[in-house]
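Colleague: Just dropping this structure here.
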Amino acid sequence: MIVINICRIGVCAAFLVAAYWGAAFPILLVGSAVGAAVVGLPLRHFTLTARFAVVTWLVASLLMFALVATSVGTQQVAALYVSLAILLLAALHLGLLCMAGGPGQVRSSATTATRSRSSRIPGVVAAAGAATPAAIIAYGITSAAQAAWPMRLDGQQRILVLVMLSGVTTSLFVAAVYGLLHGGHRVNRVVGRLVRQPSPPRRLSWAFRRRSTKPRRRDGVLDVIGYAFGMFVYRIVQGLVAALRTAAQFVRKMLYFTAWTIVATVNWAHRWMVRARRRLFAALVEALTVLRSAAVVGTRSSCHTGRVVLLPLAILATAALLTAAWAEQSLVYLEKGSLLALAESAAAGSLAVGLLTAVWMLLSDLPRQATSPSAGRTLTISGANGLILVAVGGWALGLPGTLGYGVIRVGWVTSVATTILIVTGVWTWLRDIRTAPAT
């Protein structure tokens, strides 16, 4: 309670200093602190997320306040590059999320160790093209900025086109490599012969046999000479027949070897082509399967990234702009008492609180049924504390000015807030009396 009262005193002091200095920066510090509480306290159980949200909110609110006082050209350039920076963060988150297997995956080391490499490949393929969606959105933003504002962003758009093509090409390359390396395990390597191998040639049985009897002792010399000449001719003919048989056998074996080589080459080429066709088909099927799984992982991860990174950052930037407008209009109301400035300040502040509530609901990544009651309590508590602060702080700061000793005077806002508190207190008191048991 002491801390809350100290904060209330600090808020009143900030409004008082802003009124005396004529500067909205102290009021902006109040808005930044309130916004940090709105977005950080509900996320206190998510330490890393709460720190990221609070730091991002503080930087965004201060940056937006600084940009309000700059020229239109500077604001346009800053808006463009802030959008590109948000898309870069979203692309990094998307890549890491895809590498982890998408949203909803258990990040424990035991689970990661038991996951096979093949189950990680769709996430790797999706992560390889994680920059493509961000590049497409950035290309659309730069095209719209170039058409609406006096900017030349041709070089940046060429880089974005290169990033798009690189992401798609890398994803396809990784899927193709995985398909080629792992698709062959399911290929049937048995391939029948296209042409039957020729049978080896049989051995030739060519022979020349001479049926003659040796000369007897009583045969004459001429018979012996005739026999010898006949044997000479026989041996010559027999040698010629053997040479022809050998040459024919060699030719036949050469023809057989040639035919066998041709048939073996044809069968090998046929077997290689069939296996290659089967391997390519299996690789294509495997690559398409991986791409389909990667598309599922990428789609789920993109939706999750858009919900917990892209949309919250955009909402934070919008809420920071509204907070800067709230600070400026609050200062105008303090100085001039303008009802229009008061209406604009109230609208900007209320919308900023609502947007910051939506931010922590998105960042918590919890179901809407679990966050809606807490968001309602946050808005109720913020409204009640704001009403008390307006009433008490308005009288504390405005009473001296009303009496002629200050620049801040009690206005009808303080009076209305005080009236609401009094009516609420009386109504609560009467209700307690009616419900109290009779004694």
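Letters A, B, ... go to the chains of the structure tokens in the order shown; residues in each chain start at 1; ligands are counted from 1 in the same order.
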Return as a PyMOL selection string the full set of residues in stretch 68-301 of chain A whose backbone-based DSSP assignment is alpha helix (DSSP H).

Modeller: chain A and resi 68+72-99+109-114+117-128+131-148+154-182+221-301

Colleague: When you look at A:Ala324 with a cut-off of 8 Å (counting only C-alpha atoms), what residues show up, excluding the ones that are within fewer than 6 positions of it in the same chain? I need them as number ranges by chain.

Modeller: A: 28, 61, 64-65, 68

Colleague: I need the residue nearest A:Ala283 from this list: A:Met151, A:Leu366, A:Leu180, A:Val296. Use only C-alpha atoms for the distance.

Modeller: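 Comparing A:Met151, A:Leu366, A:Leu180, A:Val296 against A:Ala283, the winner is A:Leu180.
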
Colleague: Measure the distance from atom CA of A:Arg307 to atom CA of A:Leu67 in Å and round it to one decimal.

Modeller: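 Atom CA of A:Leu67 lies at a distance of 26.7 Å from atom CA of A:Arg307.
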
Colleague: Would you mind telling me which residue in A:Leu62, A:Val55, A:Val177, A:Cys303 lies nearest to A:Phe25 when using only C-alpha atoms?

Modeller: A:Leu62

Colleague: In Å, rounded to a single decimal, give me how far atom CA of A:Ala79 is from atom CA of A:Ala91.

Modeller: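 Going from atom CA of A:Ala91 over to atom CA of A:Ala79 covers 18.4 Å.
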
Colleague: Closest to A:Ser345 among A:Gly167, A:Leu284, A:Ala18, A:Ile27, using only C-alpha atoms?

Modeller: A:Ile27

Colleague: Find, counting only C-alpha atoms, the residue in A:Ala248, A:Trp149, A:Thr435, A:Ser205 that gets nearest to A:Val72.

Modeller: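 For A:Val72, the nearest of the candidates is A:Trp149.
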
Colleague: I'd like the contact shell of A:Arg278 - 12 Å cut-off, only C-alpha atoms, skipping same-chain residues fewer than 6 positions apart - returned as a compact mmCIF listing (two decimals) with N, CA, C and O atoms, in the first residue's frame.

Modeller:
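Contents of the output file out-v8.txt:
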# COMPACT_ATOMS: atom_id res chain seq x y z
N LEU A 180 17.23 -37.11 -51.90
CA LEU A 180 18.24 -37.92 -52.56
C LEU A 180 19.01 -38.80 -51.58
O LEU A 180 19.37 -39.94 -51.90
N GLY A 183 15.86 -41.07 -49.72
CA GLY A 183 14.84 -41.75 -50.51
C GLY A 183 15.28 -43.11 -51.01
O GLY A 183 14.45 -43.98 -51.29
N GLY A 184 16.62 -43.34 -51.14
CA GLY A 184 17.11 -44.62 -51.67
C GLY A 184 16.96 -45.78 -50.73
O GLY A 184 17.11 -46.94 -51.16
N HIS A 185 16.69 -45.53 -49.45
CA HIS A 185 16.53 -46.64 -48.51
C HIS A 185 15.27 -47.45 -48.78
O HIS A 185 15.19 -48.60 -48.35
N ARG A 186 14.33 -46.87 -49.47
CA ARG A 186 13.07 -47.57 -49.74
C ARG A 186 12.99 -48.10 -51.17
O ARG A 186 11.92 -48.52 -51.60
N VAL A 187 14.10 -48.08 -51.88
CA VAL A 187 14.09 -48.48 -53.29
C VAL A 187 14.34 -49.98 -53.39
O VAL A 187 15.24 -50.53 -52.74
N ASN A 188 13.56 -50.67 -54.21
CA ASN A 188 13.78 -52.08 -54.51
C ASN A 188 14.91 -52.18 -55.54
O ASN A 188 14.79 -51.72 -56.67
N ARG A 189 16.03 -52.78 -55.13
CA ARG A 189 17.20 -52.84 -55.99
C ARG A 189 17.21 -54.04 -56.92
O ARG A 189 18.12 -54.19 -57.74
N VAL A 190 16.22 -54.91 -56.80
CA VAL A 190 16.17 -56.09 -57.66
C VAL A 190 15.58 -55.69 -59.01
O VAL A 190 14.46 -55.20 -59.09
N VAL A 191 16.37 -55.94 -60.07
CA VAL A 191 15.94 -55.61 -61.43
C VAL A 191 16.21 -56.82 -62.32
O VAL A 191 17.33 -57.36 -62.33
N ARG A 271 19.63 -51.93 -65.79
CA ARG A 271 19.52 -52.01 -64.34
C ARG A 271 19.81 -50.64 -63.69
O ARG A 271 19.11 -50.20 -62.77
N TRP A 272 20.83 -49.96 -64.19
CA TRP A 272 21.19 -48.65 -63.64
C TRP A 272 20.08 -47.63 -63.89
O TRP A 272 19.74 -46.84 -63.00
N LEU A 284 11.91 -37.88 -55.13
CA LEU A 284 10.87 -36.89 -55.38
C LEU A 284 9.73 -37.04 -54.38
O LEU A 284 9.24 -36.04 -53.82
N VAL A 285 9.31 -38.28 -54.14
CA VAL A 285 8.24 -38.52 -53.18
C VAL A 285 8.67 -38.07 -51.78
O VAL A 285 7.91 -37.42 -51.05
N GLU A 286 9.92 -38.41 -51.42
CA GLU A 286 10.43 -38.02 -50.09
C GLU A 286 10.52 -36.51 -49.97
O GLU A 286 10.16 -35.92 -48.93
